[in-house]
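Here the structure is laid out as structure tokens; the discussion comes afterwards.
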Amino acid sequence: MTAPSQEESAALLRLIAAGGSLEARRALIKRHGGVAAALAAGRDAWRAAGLTDEHVAQLSQTTPPPRAVAWLQAPQHHLIGWLDPDYPPLLRGSPSPPLALFVAGDPALLWHPSVALVGSRAPTPGGRDNARGFARALAASGFAVTSGLAAGIDTAAHLATLEADGRTVAVLGTGVDVPYPRSNAALHARIVEHGAVVSEYLPGTGPVAFHFPSRNRILAGLSLGTVVVEAAERSGALITARLAAEAGRDVFALPGSIHNPLARGCHRLIRDGAGLVESAGEVVAALAPQAASLARDLRLRLDAPIHPVHEVPAGARAGPGNKDPDYQLLWKALGHDPTAMDQLVERTGLTAAAVSSMLLLMELDGRVFSQHGRYFRSR
């Protein structure tokens, strides 16, 4: 991943800390082509972008929050701004994308095709088992599993994905360094080590009630589809489902017993048009076209050929995108022994997002396999 300059990071932290309308702050950054330039433009430009006098005053007085600055100094801690090329494209195209993302762990996972698994904080044993089963199956199919690190269905989904050596992303309604609930502190640490933890809130931010519905738009926006495993009629999972539908993503729900109050939210979603699913295979099949579309978008972003070269002259280096130098660089960095993502980034000098994107295309073409988060040539 390409780290932003110290000036840009400091400016972005100031803009986040000042608060105010996300739309106004995004407009300010876009108008001036960067965060540091936006802040240097001064008060009149801030007002012209739509910031209120209150937030203009706050922006004038703020300095980069010391805790956030210190947090960014640690390994595997990242800040990705809205205009950063490493900002996940699915989220950028969703309604009200965050101004920035704090990421602990592997930021490249935010580019990987994923499915959100959400549901009740107090599920039935059957609901918990369903969450585990869907998570394992989705992980085995190559999808990342996203959820919110909450008790219940979220926890079951994250744990099952980790146990299956799959990819998982936790989206928090607190600061990225504040596990919530506290009982999930160990799970939080495991996801940082083997996946990614994401938040739009400054490090150190504690639990605030309205932050959790707001974070659900990130969870929905990062995912190709959302699966509601078990939910009551008044449930935060239904908010995530609604936000996913508003973002143009598929919504699925598991049916349950008419006597189970935690099935009523799912039944309502199904009545309103959500897909009724009984197996993860149905979700995978439904999302395959979107995953293929995402792969095409990634090929275009990387300026790679739509149809990889499968036949090359004798003695030439065989690899996806044979004519593309970045593909060749990555192909040479890969071996037949499993290699970790950070090693590939170091060997190639490419960003983590670019490496992750190319590896995804290679996996789709059957030329690369992944095992326990490591990658190797299939031939």
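Chain lettering (A, B, ...) mirrors the order of the structure tokens, residue numbering begins at 1 for each chain separately, and ligand numbering begins at 1 in order of display.
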DSSP alpha helix (DSSP H) residues within range 67-278 of chain A, as a ChimeraX atom specification: /A:67-72,89-92,125-140,153-163,185-194,211-222,236-246,264-271
At most 12 Å is the cut-off: for each residue in range 80-185 of chain A with any atom that close to an atom of range 13-27 of chain A, write down the nearest atom pair and the distance in Å rounded to one decimal, counting only C-alpha atoms, chain first then increasing number, as CSV.
residue,atom,partner,partner_atom,distance
A:Ile80,CA,A:Leu13,CA,10.8
A:Gly81,CA,A:Leu13,CA,9.8
A:Trp82,CA,A:Arg26,CA,7.6
A:Leu83,CA,A:Arg26,CA,8.8
A:Arg92,CA,A:Arg26,CA,11.3
A:Pro95,CA,A:Glu23,CA,10.3
A:Ser96,CA,A:Glu23,CA,7.3
A:Pro97,CA,A:Leu22,CA,8.3
A:Pro98,CA,A:Leu22,CA,7.2
A:Leu99,CA,A:Leu22,CA,6.5
A:Ala100,CA,A:Ile16,CA,7.9
A:Leu101,CA,A:Ile16,CA,10.3
A:Phe102,CA,A:Leu13,CA,10.4
Residues at most 10 Å from Val56 in chain A, counting only C-alpha atoms, excluding those fewer than 4 positions away in the same chain, as a compact mmCIF listing (two decimals) with C-alpha atoms, in the first residue's frame?
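Output (result_7.txt):
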# COMPACT_ATOMS: atom_id res chain seq x y z
CA ALA A 18 -13.27 18.74 12.91
CA GLY A 19 -16.48 16.89 12.10
CA GLY A 20 -19.30 18.26 9.98
CA GLY A 42 -8.77 28.70 4.03
CA ARG A 43 -12.06 29.58 5.67
CA ASP A 44 -13.86 31.05 2.65
CA ALA A 45 -13.21 27.87 0.66
CA TRP A 46 -14.39 25.73 3.56
CA ARG A 47 -17.65 27.68 3.77
CA GLY A 50 -20.76 23.68 2.64
CA LEU A 51 -19.12 23.59 6.09
CA THR A 52 -21.01 25.48 8.78
CA SER A 60 -9.29 26.27 12.20
CA GLN A 61 -8.48 25.20 15.75
- request: Could you give me, as a count of residues only, the residues within 7 Å of range 132-139 of chain A, counting only C-alpha atoms and dropping anything in the same chain fewer than 3 positions from it?
  value: 14
message: Using only C-alpha atoms, which protein or nucleic acid residues come within 9 Å of range 184-194 of chain A? Drop anything in the same chain fewer than 6 positions from it, and give the result as a PyMOL selection string.
response: chain A and resi 76+103-106+149-151+155+158-159+162+165-170+177-178+373
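Near Ala116 in chain A, within a cut-off of 8 Å and counting only C-alpha atoms, sit the residues Val145, Thr146, Ser147, Leu219, Ala220, Ser223, Leu224, Gly225, Thr226 and Val227 of chain A, with same-chain residues fewer than 3 positions away left out.
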Hey, can you spit out that residue selection with N, CA and C atoms as a PDB file, in the first residue's frame?
ATOM      1  N   VAL A 145     -15.433 -12.844   4.356  1.00  0.00           N
ATOM      2  CA  VAL A 145     -16.637 -12.694   5.168  1.00  0.00           C
ATOM      3  C   VAL A 145     -16.492 -11.423   5.987  1.00  0.00           C
ATOM      4  N   THR A 146     -17.427 -10.488   5.804  1.00  0.00           N
ATOM      5  CA  THR A 146     -17.412  -9.252   6.570  1.00  0.00           C
ATOM      6  C   THR A 146     -18.523  -9.287   7.609  1.00  0.00           C
ATOM      7  N   SER A 147     -18.259  -8.673   8.756  1.00  0.00           N
ATOM      8  CA  SER A 147     -19.279  -8.562   9.792  1.00  0.00           C
ATOM      9  C   SER A 147     -18.859  -7.454  10.744  1.00  0.00           C
ATOM     10  N   LEU A 219     -20.216  -1.583   6.216  1.00  0.00           N
ATOM     11  CA  LEU A 219     -20.312  -3.034   6.122  1.00  0.00           C
ATOM     12  C   LEU A 219     -21.038  -3.431   4.843  1.00  0.00           C
ATOM     13  N   ALA A 220     -22.168  -2.773   4.569  1.00  0.00           N
ATOM     14  CA  ALA A 220     -22.932  -3.075   3.350  1.00  0.00           C
ATOM     15  C   ALA A 220     -22.181  -2.631   2.108  1.00  0.00           C
ATOM     16  N   SER A 223     -19.347  -4.922   0.716  1.00  0.00           N
ATOM     17  CA  SER A 223     -19.720  -6.298   0.382  1.00  0.00           C
ATOM     18  C   SER A 223     -20.538  -6.370  -0.904  1.00  0.00           C
ATOM     19  N   LEU A 224     -20.330  -7.452  -1.650  1.00  0.00           N
ATOM     20  CA  LEU A 224     -21.134  -7.681  -2.848  1.00  0.00           C
ATOM     21  C   LEU A 224     -22.569  -8.032  -2.480  1.00  0.00           C
ATOM     22  N   GLY A 225     -22.766  -8.638  -1.328  1.00  0.00           N
ATOM     23  CA  GLY A 225     -24.103  -9.003  -0.877  1.00  0.00           C
ATOM     24  C   GLY A 225     -24.130  -9.124   0.631  1.00  0.00           C
ATOM     25  N   THR A 226     -25.336  -9.049   1.197  1.00  0.00           N
ATOM     26  CA  THR A 226     -25.522  -9.166   2.644  1.00  0.00           C
ATOM     27  C   THR A 226     -26.476 -10.315   2.938  1.00  0.00           C
ATOM     28  N   VAL A 227     -26.080 -11.176   3.872  1.00  0.00           N
ATOM     29  CA  VAL A 227     -26.908 -12.298   4.296  1.00  0.00           C
ATOM     30  C   VAL A 227     -27.336 -12.058   5.740  1.00  0.00           C
TER      31      VAL A 227
END
message: List the spatial neighbours of range 282-290 of chain A as JSON, numbers by chain - criterion: any atom at most 9 Å away, only C-alpha atoms, same-chain residues fewer than 3 positions off excluded.
response: {"A": [113, 115, 138, 141, 143, 224, 225, 227, 250, 252, 275, 277, 278, 279, 293, 294, 295]}
Keeping only N, CA and C atoms, write those residues as an mmCIF file, in the first residue's frame.
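Listing of out-v1.cif after writing:
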data_model
loop_
_atom_site.group_PDB
_atom_site.id
_atom_site.type_symbol
_atom_site.label_atom_id
_atom_site.label_comp_id
_atom_site.auth_asym_id
_atom_site.auth_seq_id
_atom_site.Cartn_x
_atom_site.Cartn_y
_atom_site.Cartn_z
ATOM 1 N N PRO A 113 -13.552 -9.674 -3.106
ATOM 2 C CA PRO A 113 -15.001 -9.934 -3.106
ATOM 3 C C PRO A 113 -15.439 -10.508 -1.761
ATOM 4 N N VAL A 115 -18.797 -11.095 1.325
ATOM 5 C CA VAL A 115 -20.206 -11.213 1.678
ATOM 6 C C VAL A 115 -20.344 -10.841 3.145
ATOM 7 N N LEU A 138 -18.623 -19.975 2.522
ATOM 8 C CA LEU A 138 -18.236 -18.795 1.753
ATOM 9 C C LEU A 138 -16.712 -18.658 1.689
ATOM 10 N N SER A 141 -15.280 -20.950 -0.742
ATOM 11 C CA SER A 141 -15.560 -20.537 -2.120
ATOM 12 C C SER A 141 -14.713 -19.345 -2.543
ATOM 13 N N PHE A 143 -14.674 -16.262 -1.049
ATOM 14 C CA PHE A 143 -15.168 -14.960 -0.617
ATOM 15 C C PHE A 143 -14.612 -14.599 0.756
ATOM 16 N N LEU A 224 -20.330 -7.452 -1.650
ATOM 17 C CA LEU A 224 -21.134 -7.681 -2.848
ATOM 18 C C LEU A 224 -22.569 -8.032 -2.480
ATOM 19 N N GLY A 225 -22.766 -8.638 -1.328
ATOM 20 C CA GLY A 225 -24.103 -9.003 -0.877
ATOM 21 C C GLY A 225 -24.130 -9.124 0.631
ATOM 22 N N VAL A 227 -26.080 -11.176 3.872
ATOM 23 C CA VAL A 227 -26.908 -12.298 4.296
ATOM 24 C C VAL A 227 -27.336 -12.058 5.740
ATOM 25 N N ASP A 250 -27.074 -7.139 -3.445
ATOM 26 C CA ASP A 250 -28.035 -8.205 -3.184
ATOM 27 C C ASP A 250 -28.216 -8.412 -1.681
ATOM 28 N N PHE A 252 -29.929 -11.205 1.085
ATOM 29 C CA PHE A 252 -30.439 -12.564 1.264
ATOM 30 C C PHE A 252 -30.859 -12.746 2.721
ATOM 31 N N GLY A 275 -33.659 -12.265 -1.236
ATOM 32 C CA GLY A 275 -33.575 -13.635 -1.709
ATOM 33 C C GLY A 275 -33.632 -14.623 -0.558
ATOM 34 N N VAL A 277 -32.566 -17.908 0.961
ATOM 35 C CA VAL A 277 -31.471 -18.852 0.729
ATOM 36 C C VAL A 277 -31.426 -19.888 1.838
ATOM 37 N N GLU A 278 -31.114 -21.109 1.451
ATOM 38 C CA GLU A 278 -30.999 -22.210 2.401
ATOM 39 C C GLU A 278 -29.585 -22.766 2.452
ATOM 40 N N SER A 279 -28.717 -22.285 1.548
ATOM 41 C CA SER A 279 -27.331 -22.747 1.546
ATOM 42 C C SER A 279 -26.431 -21.630 1.043
ATOM 43 N N SER A 293 -17.767 -9.176 -12.579
ATOM 44 C CA SER A 293 -17.748 -7.757 -12.953
ATOM 45 C C SER A 293 -16.663 -7.004 -12.190
ATOM 46 N N LEU A 294 -16.536 -7.324 -10.906
ATOM 47 C CA LEU A 294 -15.483 -6.708 -10.105
ATOM 48 C C LEU A 294 -14.114 -7.066 -10.671
ATOM 49 N N ALA A 295 -13.950 -8.326 -11.084
ATOM 50 C CA ALA A 295 -12.674 -8.746 -11.671
ATOM 51 C C ALA A 295 -12.378 -7.966 -12.955
#
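When DSSP reads the backbone of this structure, the residues of range 139-221 of chain A it assigns to strand (DSSP E) are Ala144, Val145, Thr146, Ser147, Thr168, Val169, Ala170, Val171, Ala196, Val197, Val198 and Ser199 of chain A.
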Write to file, as an mmCIF file, in the first residue's frame, the residues of the selection just made, with N, CA, C and O atoms.
data_model
loop_
_atom_site.group_PDB
_atom_site.id
_atom_site.type_symbol
_atom_site.label_atom_id
_atom_site.label_comp_id
_atom_site.auth_asym_id
_atom_site.auth_seq_id
_atom_site.Cartn_x
_atom_site.Cartn_y
_atom_site.Cartn_z
ATOM 1 N N ALA A 144 -14.379 -13.310 0.980
ATOM 2 C CA ALA A 144 -14.116 -12.832 2.329
ATOM 3 C C ALA A 144 -15.454 -12.693 3.041
ATOM 4 O O ALA A 144 -16.488 -12.462 2.411
ATOM 5 N N VAL A 145 -15.433 -12.844 4.356
ATOM 6 C CA VAL A 145 -16.637 -12.694 5.168
ATOM 7 C C VAL A 145 -16.492 -11.423 5.987
ATOM 8 O O VAL A 145 -15.538 -11.276 6.761
ATOM 9 N N THR A 146 -17.427 -10.488 5.804
ATOM 10 C CA THR A 146 -17.412 -9.252 6.570
ATOM 11 C C THR A 146 -18.523 -9.287 7.609
ATOM 12 O O THR A 146 -19.585 -9.858 7.378
ATOM 13 N N SER A 147 -18.259 -8.673 8.756
ATOM 14 C CA SER A 147 -19.279 -8.562 9.792
ATOM 15 C C SER A 147 -18.859 -7.454 10.744
ATOM 16 O O SER A 147 -17.869 -6.751 10.493
ATOM 17 N N THR A 168 -11.388 -12.536 6.626
ATOM 18 C CA THR A 168 -12.497 -11.877 7.307
ATOM 19 C C THR A 168 -12.158 -10.426 7.616
ATOM 20 O O THR A 168 -10.999 -10.094 7.899
ATOM 21 N N VAL A 169 -13.177 -9.572 7.550
ATOM 22 C CA VAL A 169 -13.042 -8.139 7.801
ATOM 23 C C VAL A 169 -14.088 -7.750 8.835
ATOM 24 O O VAL A 169 -15.267 -8.078 8.687
ATOM 25 N N ALA A 170 -13.651 -7.061 9.888
ATOM 26 C CA ALA A 170 -14.562 -6.565 10.916
ATOM 27 C C ALA A 170 -14.697 -5.053 10.780
ATOM 28 O O ALA A 170 -13.688 -4.344 10.749
ATOM 29 N N VAL A 171 -15.921 -4.574 10.689
ATOM 30 C CA VAL A 171 -16.190 -3.135 10.585
ATOM 31 C C VAL A 171 -16.755 -2.669 11.926
ATOM 32 O O VAL A 171 -17.791 -3.170 12.374
ATOM 33 N N ALA A 196 -8.578 -8.035 8.605
ATOM 34 C CA ALA A 196 -8.537 -6.574 8.701
ATOM 35 C C ALA A 196 -9.666 -6.083 9.590
ATOM 36 O O ALA A 196 -10.784 -6.607 9.540
ATOM 37 N N VAL A 197 -9.355 -5.087 10.406
ATOM 38 C CA VAL A 197 -10.345 -4.390 11.218
ATOM 39 C C VAL A 197 -10.425 -2.962 10.695
ATOM 40 O O VAL A 197 -9.391 -2.322 10.467
ATOM 41 N N VAL A 198 -11.641 -2.456 10.497
ATOM 42 C CA VAL A 198 -11.861 -1.185 9.811
ATOM 43 C C VAL A 198 -12.781 -0.294 10.635
ATOM 44 O O VAL A 198 -13.742 -0.774 11.249
ATOM 45 N N SER A 199 -12.512 1.008 10.608
ATOM 46 C CA SER A 199 -13.414 1.982 11.223
ATOM 47 C C SER A 199 -13.210 3.335 10.557
ATOM 48 O O SER A 199 -12.112 3.655 10.090
#
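One finds CA of Pro179 in chain A at 13.3 Å from CA of Leu202 in chain A.
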